[in-house]
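start-v2.csv, holding CSV, C-alpha atoms:
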```csv
chain,number,residue,atom,x,y,z
A,1,MET,CA,0.0,0.0,0.0
A,2,ARG,CA,1.3,3.4,-0.9
A,3,LYS,CA,2.0,5.9,1.9
A,4,THR,CA,0.7,9.4,1.2
A,5,PHE,CA,0.9,12.7,3.0
A,6,LYS,CA,-1.5,13.1,5.9
A,7,THR,CA,-2.5,16.4,7.4
A,8,LEU,CA,-2.4,16.8,11.2
A,9,ASP,CA,-6.2,16.4,11.3
A,10,GLU,CA,-6.0,13.2,9.3
A,11,GLN,CA,-3.2,11.9,11.6
A,12,ILE,CA,-5.4,12.6,14.7
A,13,SER,CA,-8.3,10.8,13.0
A,14,ILE,CA,-6.2,7.7,12.2
A,15,LEU,CA,-5.1,7.5,15.9
A,16,GLN,CA,-8.6,8.0,17.2
A,17,ASN,CA,-10.0,5.4,14.8
A,18,LYS,CA,-7.4,2.9,16.3
A,19,GLY,CA,-8.8,3.6,19.8
A,20,LEU,CA,-6.2,6.1,21.1
A,21,ILE,CA,-7.8,8.6,23.5
A,22,ILE,CA,-6.8,12.2,22.8
A,23,THR,CA,-8.1,14.7,25.3
A,24,ASP,CA,-6.2,17.8,24.1
A,25,ILE,CA,-6.4,17.9,20.2
A,26,SER,CA,-4.5,21.1,19.9
A,27,LEU,CA,-1.6,19.9,22.1
A,28,ALA,CA,-1.5,16.5,20.2
A,29,LYS,CA,-1.3,18.4,16.9
A,30,ASP,CA,1.6,20.5,18.1
A,31,ILE,CA,3.5,17.4,19.3
A,32,LEU,CA,2.9,15.6,16.0
A,33,LEU,CA,4.1,18.6,14.1
A,34,ARG,CA,7.3,19.0,16.2
A,35,GLU,CA,8.2,15.4,16.8
A,36,ASN,CA,7.0,13.7,13.6
A,37,TYR,CA,4.1,11.3,13.4
A,38,PHE,CA,6.3,8.5,12.1
A,39,PHE,CA,8.8,8.6,14.9
A,40,LEU,CA,6.1,8.9,17.6
A,41,MET,CA,4.3,5.9,16.2
A,42,GLY,CA,7.5,3.9,16.6
A,43,TYR,CA,6.3,3.2,20.1
A,44,ARG,CA,2.7,2.2,19.3
A,45,HIS,CA,3.3,-1.5,19.4
A,46,LEU,CA,3.7,-1.4,23.2
A,47,PHE,CA,0.0,-0.3,23.4
A,48,PHE,CA,-1.5,-2.5,20.7
A,49,LYS,CA,-3.9,-5.3,21.7
A,50,SER,CA,-2.2,-7.4,19.2
A,51,GLU,CA,0.0,-7.0,16.1
A,52,ARG,CA,-2.8,-8.6,14.0
A,53,ASP,CA,-5.6,-6.2,15.1
A,54,ARG,CA,-3.2,-3.2,15.4
A,55,VAL,CA,-5.7,-1.3,17.6
A,56,PHE,CA,-4.8,0.3,21.0
A,57,ILE,CA,-5.5,-1.3,24.3
A,58,ASP,CA,-8.7,0.1,25.8
A,59,GLY,CA,-8.0,3.3,27.7
A,60,THR,CA,-4.6,4.0,26.0
A,61,THR,CA,-4.1,7.8,25.9
A,62,PHE,CA,-1.9,10.0,23.6
A,63,ASP,CA,-0.2,11.2,26.8
A,64,GLU,CA,1.0,7.6,27.5
A,65,LEU,CA,2.3,7.2,24.0
A,66,TYR,CA,4.2,10.5,24.2
A,67,SER,CA,5.5,9.6,27.7
A,68,VAL,CA,7.3,6.5,26.3
A,69,PHE,CA,8.6,8.7,23.4
A,70,ASN,CA,10.1,11.1,25.9
A,71,PHE,CA,11.4,8.3,28.1
A,72,ASP,CA,13.3,6.9,25.1
A,73,ARG,CA,14.7,10.4,24.5
A,74,GLN,CA,15.9,10.8,28.1
A,75,LEU,CA,17.4,7.3,28.0
A,76,ARG,CA,19.3,8.2,24.8
A,77,ASN,CA,20.7,11.3,26.5
A,78,ILE,CA,21.8,9.3,29.5
A,79,LEU,CA,23.4,6.6,27.5
A,80,PHE,CA,25.0,9.0,25.0
A,81,LYS,CA,26.9,11.0,27.6
A,82,ASN,CA,28.3,7.8,29.0
A,83,ILE,CA,29.1,6.3,25.6
A,84,LEU,CA,31.1,9.5,24.9
A,85,ILE,CA,33.1,8.8,28.1
A,86,VAL,CA,33.8,5.3,26.7
A,87,GLU,CA,34.8,6.8,23.4
A,88,ASN,CA,37.1,9.3,24.9
A,89,ASN,CA,38.7,6.7,27.1
A,90,ALA,CA,39.2,4.3,24.2
A,91,LYS,CA,40.8,7.0,22.1
A,92,SER,CA,43.1,8.1,24.9
A,93,ILE,CA,44.2,4.5,25.6
A,94,PHE,CA,44.7,3.6,22.0
A,95,SER,CA,46.7,6.7,21.2
A,96,TYR,CA,48.9,6.1,24.3
A,97,GLN,CA,49.5,2.5,23.4
A,98,LEU,CA,50.3,3.0,19.7
A,99,SER,CA,52.4,6.2,20.3
A,100,LYS,CA,54.5,4.5,23.0
A,101,ASN,CA,55.2,1.5,20.7
A,102,TYR,CA,55.4,3.1,17.2
A,103,GLY,CA,56.1,6.8,17.5
A,104,TYR,CA,54.2,10.1,17.3
A,105,LYS,CA,54.3,11.0,13.6
A,106,GLU,CA,51.8,9.9,11.1
A,107,SER,CA,54.4,8.0,9.0
A,108,ASP,CA,55.3,6.1,12.2
A,109,TYR,CA,52.0,5.1,13.8
A,110,LEU,CA,50.2,4.6,10.5
A,111,ASN,CA,52.8,2.3,9.1
A,112,PRO,CA,51.1,-0.9,8.0
A,113,LYS,CA,54.0,-2.9,9.5
A,114,ASN,CA,52.7,-1.9,13.0
A,115,PHE,CA,49.5,-3.8,12.5
A,116,ASN,CA,48.3,-7.4,12.1
A,117,ARG,CA,50.5,-9.0,9.4
A,118,ASP,CA,48.2,-12.0,8.7
A,119,SER,CA,47.5,-12.3,5.0
A,120,ASN,CA,43.7,-12.4,5.6
A,121,LYS,CA,44.0,-9.0,7.4
A,122,ARG,CA,46.1,-7.3,4.8
A,123,LYS,CA,43.3,-5.7,2.8
A,124,GLN,CA,41.4,-4.6,6.0
A,125,VAL,CA,44.6,-3.0,7.4
A,126,ILE,CA,45.2,-1.0,4.1
A,127,ASP,CA,41.6,0.0,3.8
A,128,LEU,CA,41.3,1.2,7.4
A,129,LEU,CA,44.5,3.2,7.3
A,130,LYS,CA,43.2,4.9,4.1
A,131,LYS,CA,40.0,5.7,6.0
A,132,ILE,CA,42.0,7.2,8.9
A,133,GLN,CA,44.0,9.3,6.5
A,134,ARG,CA,40.9,10.5,4.8
A,135,GLN,CA,39.2,11.5,8.1
A,136,ILE,CA,42.4,13.4,9.0
A,137,ARG,CA,42.3,15.3,5.7
A,138,ILE,CA,38.6,16.1,5.9
A,139,ASN,CA,38.1,16.7,9.6
A,140,GLY,CA,41.6,17.9,10.6
A,141,GLY,CA,41.0,21.5,9.4
A,142,GLN,CA,37.9,21.8,11.5
A,143,HIS,CA,39.6,21.4,14.9
A,144,GLN,CA,41.7,23.9,16.7
A,145,ALA,CA,44.0,21.3,18.2
A,146,THR,CA,44.9,19.7,14.9
A,147,MET,CA,45.5,23.0,13.2
A,148,HIS,CA,47.7,24.1,16.1
A,149,TYR,CA,50.0,21.0,15.7
A,150,LEU,CA,50.1,21.3,11.9
A,151,ASN,CA,50.9,25.0,11.9
A,152,ASN,CA,53.4,24.8,14.8
A,153,TYR,CA,55.0,21.4,14.4
A,154,GLY,CA,54.2,20.2,10.9
A,155,TYR,CA,52.8,16.8,12.0
A,156,LEU,CA,49.9,15.3,13.9
A,157,PRO,CA,50.5,13.0,16.9
A,158,LEU,CA,48.0,10.2,17.4
A,159,TRP,CA,46.8,11.7,20.7
A,160,ILE,CA,45.6,14.7,18.6
A,161,VAL,CA,44.4,12.7,15.6
A,162,VAL,CA,42.0,10.6,17.6
A,163,LYS,CA,39.9,13.7,18.1
A,164,VAL,CA,38.9,13.7,14.5
A,165,LEU,CA,38.3,10.0,14.1
A,166,SER,CA,34.9,8.4,14.5
A,167,PHE,CA,34.3,5.9,17.2
A,168,GLY,CA,33.4,3.4,14.4
A,169,ILE,CA,36.9,3.8,13.0
A,170,VAL,CA,38.5,3.5,16.4
A,171,SER,CA,36.5,0.3,17.2
A,172,GLU,CA,37.6,-1.3,13.9
A,173,LEU,CA,41.2,-0.2,14.6
A,174,TYR,CA,41.3,-2.6,17.6
A,175,THR,CA,40.6,-5.5,15.3
A,176,ILE,CA,43.7,-4.9,13.2
A,177,LEU,CA,46.2,-4.4,16.0
A,178,LYS,CA,49.0,-6.8,16.7
A,179,ASN,CA,47.9,-9.3,19.4
A,180,ASP,CA,50.4,-7.9,22.0
A,181,ASP,CA,48.8,-4.4,21.6
A,182,LYS,CA,45.3,-5.9,21.9
A,183,VAL,CA,46.2,-7.7,25.1
A,184,ASP,CA,47.8,-4.6,26.6
A,185,ILE,CA,44.7,-2.6,25.9
A,186,ALA,CA,42.3,-5.3,27.1
A,187,ASP,CA,44.3,-5.6,30.3
A,188,ILE,CA,43.6,-1.9,31.1
A,189,TYR,CA,39.9,-2.7,31.0
A,190,LYS,CA,40.5,-6.0,32.9
A,191,ILE,CA,38.6,-8.0,30.2
A,192,SER,CA,39.5,-10.4,27.5
A,193,VAL,CA,40.5,-9.4,23.9
A,194,SER,CA,37.6,-11.3,22.5
A,195,ASP,CA,35.1,-9.4,24.7
A,196,LEU,CA,36.6,-6.1,23.8
A,197,GLU,CA,36.6,-6.8,20.1
A,198,GLN,CA,32.9,-7.6,20.5
A,199,TYR,CA,32.0,-4.7,22.7
A,200,PHE,CA,33.4,-1.7,20.8
A,201,PRO,CA,31.3,-2.2,17.6
A,202,ILE,CA,28.1,-2.5,19.7
A,203,VAL,CA,28.9,0.6,21.7
A,204,ALA,CA,29.7,2.5,18.4
A,205,ASN,CA,26.3,1.3,17.0
A,206,TYR,CA,24.4,2.7,20.0
A,207,ARG,CA,26.5,5.9,19.8
A,208,ASN,CA,25.1,6.5,16.3
A,209,LEU,CA,21.6,5.6,17.3
A,210,CYS,CA,21.7,8.1,20.2
A,211,ALA,CA,23.3,10.8,18.1
A,212,HIS,CA,20.5,10.6,15.5
A,213,GLU,CA,17.6,10.2,17.9
A,214,ASP,CA,16.7,6.7,16.7
A,215,ILE,CA,14.6,4.4,18.9
A,216,ILE,CA,16.7,2.4,21.3
A,217,LEU,CA,14.1,0.8,23.5
A,218,ASP,CA,13.7,-2.3,21.3
A,219,HIS,CA,17.0,-2.1,19.4
A,220,LYS,CA,18.8,-5.4,18.8
A,221,SER,CA,22.5,-5.5,18.0
A,222,GLN,CA,23.7,-7.6,15.1
A,223,ARG,CA,25.8,-9.8,17.4
A,224,SER,CA,25.1,-11.2,20.9
A,225,ILE,CA,27.6,-10.7,23.7
A,226,LEU,CA,29.1,-13.7,25.4
A,227,ASP,CA,27.6,-14.9,28.7
A,228,THR,CA,29.0,-13.0,31.7
A,229,LYS,CA,28.9,-13.4,35.5
A,230,TYR,CA,26.2,-10.7,35.6
A,231,HIS,CA,23.8,-12.9,33.7
A,232,ASN,CA,24.2,-15.6,36.3
A,233,TYR,CA,24.2,-13.3,39.3
A,234,LEU,CA,21.0,-11.6,38.2
A,235,ASN,CA,19.4,-15.1,37.7
A,236,ILE,CA,18.3,-14.1,34.2
A,237,PRO,CA,16.0,-16.8,32.9
A,238,LYS,CA,17.0,-18.9,29.9
A,239,MET,CA,15.0,-20.1,26.9
A,240,ASP,CA,16.4,-22.9,24.7
A,241,GLY,CA,19.7,-22.6,26.6
A,242,GLU,CA,20.1,-18.8,26.0
A,243,TYR,CA,19.6,-16.0,28.4
A,244,ILE,CA,16.4,-14.0,27.5
A,245,TYR,CA,17.9,-10.7,28.6
A,246,GLY,CA,21.3,-9.1,28.2
A,247,LYS,CA,22.5,-10.7,25.0
A,248,ASP,CA,21.7,-8.5,22.0
A,249,ASP,CA,19.3,-6.0,23.6
A,250,LEU,CA,19.7,-2.7,25.6
A,251,PHE,CA,20.6,-4.5,28.7
A,252,ALA,CA,23.6,-6.1,26.9
A,253,LEU,CA,24.8,-2.5,26.4
A,254,ILE,CA,24.4,-1.9,30.1
A,255,ILE,CA,26.5,-5.0,30.9
A,256,ILE,CA,29.2,-3.7,28.5
A,257,LEU,CA,29.1,-0.2,30.2
A,258,LYS,CA,29.4,-1.9,33.5
A,259,ARG,CA,32.7,-3.5,32.3
A,260,VAL,CA,34.3,-0.5,30.6
A,261,LEU,CA,33.1,2.5,32.7
A,262,ARG,CA,34.6,3.5,36.0
A,263,ASP,CA,32.4,2.4,39.0
A,264,GLU,CA,31.3,5.9,39.9
A,265,ASP,CA,30.2,6.7,36.3
A,266,PHE,CA,28.3,3.4,36.0
A,267,ARG,CA,26.5,4.0,39.3
A,268,LEU,CA,25.3,7.4,38.2
A,269,LEU,CA,24.2,5.9,34.9
A,270,ILE,CA,22.0,3.3,36.6
A,271,ASN,CA,20.6,5.8,39.1
A,272,GLU,CA,19.6,8.1,36.3
A,273,ILE,CA,17.9,5.3,34.3
A,274,SER,CA,16.1,4.1,37.5
A,275,TYR,CA,14.8,7.6,38.0
A,276,GLU,CA,13.4,7.8,34.4
A,277,LEU,CA,11.8,4.4,34.7
A,278,ASP,CA,10.1,5.6,37.9
A,279,VAL,CA,8.8,8.8,36.2
A,280,LEU,CA,7.5,6.8,33.3
A,281,SER,CA,5.9,4.2,35.6
A,282,GLY,CA,3.8,7.0,37.2
A,283,LYS,CA,2.5,8.1,33.7
A,284,LEU,CA,1.5,4.6,32.4
A,285,LYS,CA,-2.1,3.4,33.0
A,286,SER,CA,-3.0,1.0,30.2
A,287,ILE,CA,0.3,-1.0,30.4
A,288,SER,CA,2.8,-1.8,33.1
A,289,ILE,CA,6.3,-0.5,33.3
A,290,ASN,CA,7.3,-4.2,33.3
A,291,LYS,CA,6.3,-4.4,29.6
A,292,VAL,CA,8.6,-1.5,28.8
A,293,MET,CA,11.5,-3.1,30.7
A,294,ASP,CA,10.9,-6.4,29.0
A,295,LEU,CA,11.2,-4.6,25.7
A,296,MET,CA,14.5,-3.1,26.8
A,297,GLY,CA,15.7,-6.5,28.0
A,298,PHE,CA,15.9,-5.3,31.6
A,299,PRO,CA,15.4,-7.9,34.4
A,300,GLN,CA,13.3,-6.7,37.3
A,301,ASN,CA,16.4,-6.8,39.6
A,302,TYR,CA,18.6,-4.9,37.2
A,303,LYS,CA,19.9,-2.5,39.9
A,304,ASN,CA,21.7,-5.4,41.6
A,305,ILE,CA,24.3,-5.1,38.8
A,306,LEU,CA,25.6,-2.2,40.9
A,307,ARG,CA,27.0,-4.6,43.5
A,308,THR,CA,30.7,-3.9,43.5
A,309,ASP,CA,31.6,-7.4,44.7
A,310,VAL,CA,30.2,-9.1,41.6
```
This entry written out as structure tokens:
Amino acid sequence: MRKTFKTLDEQISILQNKGLIITDISLAKDILLRENYFFLMGYRHLFFKSERDRVFIDGTTFDELYSVFNFDRQLRNILFKNILIVENNAKSIFSYQLSKNYGYKESDYLNPKNFNRDSNKRKQVIDLLKKIQRQIRINGGQHQATMHYLNNYGYLPLWIVVKVLSFGIVSELYTILKNDDKVDIADIYKISVSDLEQYFPIVANYRNLCAHEDIILDHKSQRSILDTKYHNYLNIPKMDGEYIYGKDDLFALIIILKRVLRDEDFRLLINEISYELDVLSGKLKSISINKVMDLMGFPQNYKNILRTDV
């Protein structure tokens, strides 16, 4: 079926015909105009009686729908600022490790000989180094620090270059490092190389979702993280031998952040998410907050992950 333009009045009528209660038409129109009908409707499935009928649960209000929309926005903001901490930490650690071992000029630290020499990695190494050089050329002139080094010293050390590299590039960079460099970096985080290789792309993916205001409540990553002690400690149920939460969902990201953030940053993160869940719970009438948490992959005892002795 073709999708055609709908006026605000038509959008309101569609929602009302599906059983959504709208008490303030003027306010609803303003919200739809500012926030976009399509993006707001990304949360409608939580309130449907069934995917087959695609009508709202009796008593569902526009305010409830908009509350979930705003909750997802607050959640993105909380996660985004913490992901930026992870990004900055990774860039600092990477630049320190590679500069220490290979030098501080581009011709030194971007030498292909400094990376994985396996034949099956050769193309990836060359392609990624080209991407890095391209980002330096394109983004370098837009940052005061890079221009300062170029104008005063004629070269760009890696601890400055990382400022203009995307987190996606940095996360891929880890996959082409020599094993000794991978191990040294993983040891700083006190986790395994295989876990860190898996974690960085997932964090980078969520970074982009947060930056572009995409829905994250029900986002599933392309890969599942390995089982951790937190899955076991929280007694997360299993289905067909797999944990039902914390594998490829939002709670998987929380587990990753638990492992790569400092304790004080992670505690603040969980406390802020808990506050937003409490606020949303007070605004929901037609569904339970548990339904939202299930969509997020959050077990009911998720706050126990704060235990420092686990």
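Reported to one decimal place, the separation of CA of Val260 in chain A from CA of Asp184 in chain A is 14.7 Å.
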For Tyr149 in chain A: contacts at 12 Å, all atoms listed in the file, fewer than 2 positions along chain excluded, given as a ChimeraX atom specification | /A:104-105,140-141,143-147,151-161
Applying 10 Å and all atoms listed in the file, which residues near Leu261 in chain A remain after dropping the ones on its own chain fewer than 6 positions away? List them as a PDB file with C-alpha atoms, keeping the file's coordinate frame.
```
ATOM      1  CA  ASN A  82      28.300   7.800  29.000  1.00  0.00           C
ATOM      2  CA  ILE A  83      29.100   6.300  25.600  1.00  0.00           C
ATOM      3  CA  ILE A  85      33.100   8.800  28.100  1.00  0.00           C
ATOM      4  CA  VAL A  86      33.800   5.300  26.700  1.00  0.00           C
ATOM      5  CA  ASN A  89      38.700   6.700  27.100  1.00  0.00           C
ATOM      6  CA  TYR A 189      39.900  -2.700  31.000  1.00  0.00           C
ATOM      7  CA  ARG A 267      26.500   4.000  39.300  1.00  0.00           C
ATOM      8  CA  LEU A 269      24.200   5.900  34.900  1.00  0.00           C
TER       9      LEU A 269
END
```
Kindly give the distance, in Å, that separates CA of Asn70 in chain A and CA of His231 in chain A, rounded to a single decimal.
->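 For CA of Asn70 in chain A relative to CA of His231 in chain A, the distance reads 28.7 Å.
Of the residues listed (A:Tyr243, A:Asn208, A:Gly168, A:Ile57), A:Ile57 shows the shortest atom-to-atom separation from Ile21 in chain A; distances use all atoms listed in the file.
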Restricting to all atoms listed in the file, whichever of A:Asn114, A:Thr61, A:Gln133, A:Asn88 is closest to Leu15 in chain A is A:Thr61
